[in-house]
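Student: So I've got this file, data_23.cif, and it contains mmCIF, C-alpha atoms:
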```
data_run
loop_
_atom_site.label_atom_id
_atom_site.label_comp_id
_atom_site.auth_asym_id
_atom_site.auth_seq_id
_atom_site.Cartn_x
_atom_site.Cartn_y
_atom_site.Cartn_z
CA MET A 1 101.33 105.38 21.34
CA ASN A 2 97.97 106.61 20.14
CA ALA A 3 98.47 110.28 19.42
CA VAL A 4 95.46 112.53 18.88
CA TYR A 5 95.58 115.85 17.06
CA LYS A 6 93.38 118.49 18.71
CA SER A 7 92.89 122.02 17.46
CA ASP A 8 90.21 124.70 17.62
CA LYS A 9 90.92 125.70 14.02
CA ASN A 10 90.88 123.59 10.86
CA ASN A 11 94.52 123.60 9.69
CA GLU A 12 95.10 120.90 7.08
CA LYS A 13 98.85 121.56 6.89
CA LYS A 14 99.33 121.01 10.63
CA GLU A 15 97.10 117.91 10.55
CA LEU A 16 99.18 116.44 7.73
CA GLU A 17 102.46 117.24 9.51
CA PHE A 18 101.11 115.60 12.67
CA GLU A 19 100.03 112.47 10.78
CA LEU A 20 103.37 112.13 8.98
CA LYS A 21 105.29 112.59 12.23
CA TYR A 22 103.15 109.89 13.86
CA GLN A 23 103.59 107.48 10.93
CA LYS A 24 107.38 108.01 11.02
CA SER A 25 107.41 107.10 14.71
CA LEU A 26 105.95 103.65 13.97
CA SER A 27 108.03 100.63 13.06
CA LEU A 28 107.39 98.79 9.80
CA THR A 29 105.65 95.98 11.70
CA GLU A 30 103.38 98.45 13.48
CA ARG A 31 102.46 100.11 10.19
CA PHE A 32 101.53 96.76 8.63
CA ARG A 33 99.46 95.81 11.69
CA MET A 34 97.63 99.12 11.42
CA MET A 35 97.07 98.65 7.69
CA THR A 36 95.74 95.09 8.03
CA GLY A 37 93.54 96.14 10.95
CA GLN A 38 92.01 98.94 8.90
CA SER A 39 91.52 96.59 5.93
CA LYS A 40 89.63 94.14 8.16
CA LEU A 41 87.52 96.96 9.56
CA ILE A 42 86.60 98.17 6.06
CA LEU A 43 85.73 94.62 4.96
CA GLU A 44 83.49 94.15 8.01
CA MET A 45 81.75 97.46 7.27
CA LEU A 46 81.19 96.49 3.63
CA ILE A 47 79.72 93.12 4.59
CA LYS A 48 77.54 94.72 7.29
CA ASN A 49 76.14 97.15 4.72
CA GLY A 50 75.24 94.46 2.19
CA HIS A 51 78.35 94.41 0.01
CA ARG A 52 79.47 90.82 -0.40
CA LYS A 53 82.59 89.37 -1.95
CA PRO A 54 82.51 89.32 -5.78
CA PHE A 55 82.48 85.52 -6.09
CA GLU A 56 79.33 85.37 -3.94
CA VAL A 57 77.57 87.98 -6.06
CA ILE A 58 78.51 86.56 -9.49
CA LYS A 59 77.66 82.93 -8.77
CA ARG A 60 76.11 81.43 -11.90
CA ALA A 61 74.18 78.22 -12.39
CA ARG A 62 75.64 75.79 -14.95
CA GLY A 63 73.50 73.22 -16.54
#
```
As structure tokens, what does this structure read like?
Tutor:
Amino acid sequence: MNAVYKSDKNNEKKELEFELKYQKSLSLTERFRMMTGQSKLILEMLIKNGHRKPFEVIKRARG
């Protein structure tokens, strides 16, 4: 179920209630899948915009 909140007015309280109701409807497994999916998406966006992993940025030459 992909629920979408639609409203003509900006009502933060109703948006929050809607989001909490949606999150409660998901199983634990579904919540973790959503969380890992969003984490992957954020990582891809960071890499795409030039932000690399820390160990790639801090690589030092030893000699």
Student: Applying 12 Å and all atoms listed in the file, which residues near Ser7 in chain A remain after dropping the ones on its own chain fewer than 6 positions away? List them as a list of chain:residue names.
Tutor: A:Lys14, A:Glu15, A:Phe18
Student: Using the selection just defined, write its residues with C-alpha atoms as a short mmCIF file (atom, residue, chain, number, x, y, z; two decimals), keeping the file's coordinate frame.
Tutor:
```
data_model
loop_
_atom_site.label_atom_id
_atom_site.label_comp_id
_atom_site.auth_asym_id
_atom_site.auth_seq_id
_atom_site.Cartn_x
_atom_site.Cartn_y
_atom_site.Cartn_z
CA LYS A 14 99.33 121.01 10.63
CA GLU A 15 97.10 117.91 10.55
CA PHE A 18 101.11 115.60 12.67
#
```
Student: Quick one: pull the distance between CA of Tyr5 in chain A and CA of Glu19 in chain A, Å, one decimal.
Tutor: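 The value is 8.4 Å.
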Student: In Å, with one decimal, what is the gap from CA of Leu46 in chain A to CA of Met34 in chain A?
Tutor: 18.4 Å
Student: How far is it from CA of Leu20 in chain A to CA of Ile42 in chain A, in Å with one decimal?
Tutor: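 For CA of Leu20 in chain A relative to CA of Ile42 in chain A, the distance reads 22.0 Å.
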Student: Calculate, to one decimal in Å, the centre and edge lengths of the box along x, y and z of the file that holds all listed atoms of range 32-40 of chain A with 4 Å of margin on each side, and present them as lines of an AutoDock Vina configuration file.
Tutor:
```
center_x = 95.6
center_y = 96.6
center_z = 8.8
size_x = 19.9
size_y = 13.0
size_z = 13.8
```
Student: In terms of the shortest atom-to-atom distance over only C-alpha atoms, which of A:Lys40, A:Ala3, A:Asn11, A:His51 is closest to Gln23 in chain A?
Tutor: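 Smallest separation from Gln23 in chain A among the options: A:Ala3.
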Student: Reconstruct all heavy atoms of range 35-46 of chain A; output as a PDB file, keeping the file's coordinate frame.
Tutor:
```pdb
ATOM      1  N   MET A  35      97.650  98.763   9.018  1.00  0.00           N
ATOM      2  CA  MET A  35      97.070  98.650   7.690  1.00  0.00           C
ATOM      3  C   MET A  35      96.141  97.434   7.597  1.00  0.00           C
ATOM      4  O   MET A  35      95.014  97.537   7.087  1.00  0.00           O
ATOM      5  CB  MET A  35      98.176  98.531   6.634  1.00  0.00           C
ATOM      6  CG  MET A  35      97.658  98.469   5.220  1.00  0.00           C
ATOM      7  SD  MET A  35      98.985  98.351   3.997  1.00  0.00           S
ATOM      8  CE  MET A  35      99.703  96.776   4.391  1.00  0.00           C
ATOM      9  N   THR A  36      96.590  96.276   8.094  1.00  0.00           N
ATOM     10  CA  THR A  36      95.740  95.090   8.030  1.00  0.00           C
ATOM     11  C   THR A  36      94.520  95.237   8.930  1.00  0.00           C
ATOM     12  O   THR A  36      93.427  94.788   8.577  1.00  0.00           O
ATOM     13  CB  THR A  36      96.518  93.810   8.402  1.00  0.00           C
ATOM     14  OG1 THR A  36      97.122  93.970   9.682  1.00  0.00           O
ATOM     15  CG2 THR A  36      97.576  93.493   7.369  1.00  0.00           C
ATOM     16  N   GLY A  37      94.684  95.889  10.067  1.00  0.00           N
ATOM     17  CA  GLY A  37      93.540  96.140  10.950  1.00  0.00           C
ATOM     18  C   GLY A  37      92.493  97.012  10.280  1.00  0.00           C
ATOM     19  O   GLY A  37      91.292  96.738  10.363  1.00  0.00           O
ATOM     20  N   GLN A  38      92.944  98.063   9.605  1.00  0.00           N
ATOM     21  CA  GLN A  38      92.010  98.940   8.900  1.00  0.00           C
ATOM     22  C   GLN A  38      91.347  98.224   7.726  1.00  0.00           C
ATOM     23  O   GLN A  38      90.161  98.422   7.460  1.00  0.00           O
ATOM     24  CB  GLN A  38      92.729 100.202   8.409  1.00  0.00           C
ATOM     25  CG  GLN A  38      93.130 101.145   9.524  1.00  0.00           C
ATOM     26  CD  GLN A  38      91.952 101.668  10.302  1.00  0.00           C
ATOM     27  OE1 GLN A  38      90.921 102.041   9.749  1.00  0.00           O
ATOM     28  NE2 GLN A  38      92.089 101.685  11.615  1.00  0.00           N
ATOM     29  N   SER A  39      92.098  97.359   7.037  1.00  0.00           N
ATOM     30  CA  SER A  39      91.520  96.590   5.930  1.00  0.00           C
ATOM     31  C   SER A  39      90.421  95.666   6.432  1.00  0.00           C
ATOM     32  O   SER A  39      89.361  95.552   5.810  1.00  0.00           O
ATOM     33  CB  SER A  39      92.601  95.766   5.230  1.00  0.00           C
ATOM     34  OG  SER A  39      93.530  96.610   4.605  1.00  0.00           O
ATOM     35  N   LYS A  40      90.654  95.012   7.571  1.00  0.00           N
ATOM     36  CA  LYS A  40      89.630  94.140   8.160  1.00  0.00           C
ATOM     37  C   LYS A  40      88.403  94.931   8.563  1.00  0.00           C
ATOM     38  O   LYS A  40      87.272  94.503   8.356  1.00  0.00           O
ATOM     39  CB  LYS A  40      90.202  93.397   9.369  1.00  0.00           C
ATOM     40  CG  LYS A  40      91.172  92.306   9.009  1.00  0.00           C
ATOM     41  CD  LYS A  40      91.732  91.640  10.248  1.00  0.00           C
ATOM     42  CE  LYS A  40      92.792  90.620   9.887  1.00  0.00           C
ATOM     43  NZ  LYS A  40      93.401  90.003  11.081  1.00  0.00           N
ATOM     44  N   LEU A  41      88.631  96.108   9.142  1.00  0.00           N
ATOM     45  CA  LEU A  41      87.520  96.960   9.560  1.00  0.00           C
ATOM     46  C   LEU A  41      86.672  97.377   8.355  1.00  0.00           C
ATOM     47  O   LEU A  41      85.439  97.314   8.398  1.00  0.00           O
ATOM     48  CB  LEU A  41      88.055  98.203  10.271  1.00  0.00           C
ATOM     49  CG  LEU A  41      87.018  99.223  10.720  1.00  0.00           C
ATOM     50  CD1 LEU A  41      86.106  98.641  11.785  1.00  0.00           C
ATOM     51  CD2 LEU A  41      87.709 100.467  11.240  1.00  0.00           C
ATOM     52  N   ILE A  42      87.319  97.769   7.268  1.00  0.00           N
ATOM     53  CA  ILE A  42      86.600  98.170   6.060  1.00  0.00           C
ATOM     54  C   ILE A  42      85.815  97.000   5.485  1.00  0.00           C
ATOM     55  O   ILE A  42      84.658  97.142   5.091  1.00  0.00           O
ATOM     56  CB  ILE A  42      87.568  98.764   5.014  1.00  0.00           C
ATOM     57  CG1 ILE A  42      88.100 100.105   5.510  1.00  0.00           C
ATOM     58  CG2 ILE A  42      86.887  98.932   3.656  1.00  0.00           C
ATOM     59  CD1 ILE A  42      89.252 100.659   4.692  1.00  0.00           C
ATOM     60  N   LEU A  43      86.420  95.812   5.459  1.00  0.00           N
ATOM     61  CA  LEU A  43      85.730  94.620   4.960  1.00  0.00           C
ATOM     62  C   LEU A  43      84.499  94.320   5.795  1.00  0.00           C
ATOM     63  O   LEU A  43      83.420  94.040   5.254  1.00  0.00           O
ATOM     64  CB  LEU A  43      86.681  93.427   4.947  1.00  0.00           C
ATOM     65  CG  LEU A  43      86.084  92.105   4.471  1.00  0.00           C
ATOM     66  CD1 LEU A  43      85.610  92.213   3.030  1.00  0.00           C
ATOM     67  CD2 LEU A  43      87.115  90.999   4.603  1.00  0.00           C
ATOM     68  N   GLU A  44      84.631  94.389   7.121  1.00  0.00           N
ATOM     69  CA  GLU A  44      83.490  94.150   8.010  1.00  0.00           C
ATOM     70  C   GLU A  44      82.375  95.154   7.755  1.00  0.00           C
ATOM     71  O   GLU A  44      81.193  94.804   7.733  1.00  0.00           O
ATOM     72  CB  GLU A  44      83.925  94.211   9.468  1.00  0.00           C
ATOM     73  CG  GLU A  44      84.785  93.051   9.900  1.00  0.00           C
ATOM     74  CD  GLU A  44      85.387  93.239  11.291  1.00  0.00           C
ATOM     75  OE1 GLU A  44      85.052  94.252  11.969  1.00  0.00           O
ATOM     76  OE2 GLU A  44      86.194  92.393  11.690  1.00  0.00           O
ATOM     77  N   MET A  45      82.747  96.421   7.540  1.00  0.00           N
ATOM     78  CA  MET A  45      81.750  97.460   7.270  1.00  0.00           C
ATOM     79  C   MET A  45      81.044  97.201   5.943  1.00  0.00           C
ATOM     80  O   MET A  45      79.824  97.377   5.839  1.00  0.00           O
ATOM     81  CB  MET A  45      82.403  98.835   7.267  1.00  0.00           C
ATOM     82  CG  MET A  45      82.839  99.298   8.639  1.00  0.00           C
ATOM     83  SD  MET A  45      83.851 100.796   8.619  1.00  0.00           S
ATOM     84  CE  MET A  45      82.723 101.983   7.953  1.00  0.00           C
ATOM     85  N   LEU A  46      81.794  96.782   4.927  1.00  0.00           N
ATOM     86  CA  LEU A  46      81.190  96.490   3.630  1.00  0.00           C
ATOM     87  C   LEU A  46      80.196  95.338   3.732  1.00  0.00           C
ATOM     88  O   LEU A  46      79.086  95.406   3.206  1.00  0.00           O
ATOM     89  CB  LEU A  46      82.271  96.165   2.598  1.00  0.00           C
ATOM     90  CG  LEU A  46      83.088  97.345   2.095  1.00  0.00           C
ATOM     91  CD1 LEU A  46      84.274  96.863   1.270  1.00  0.00           C
ATOM     92  CD2 LEU A  46      82.231  98.292   1.280  1.00  0.00           C
TER      93      LEU A  46
END
```
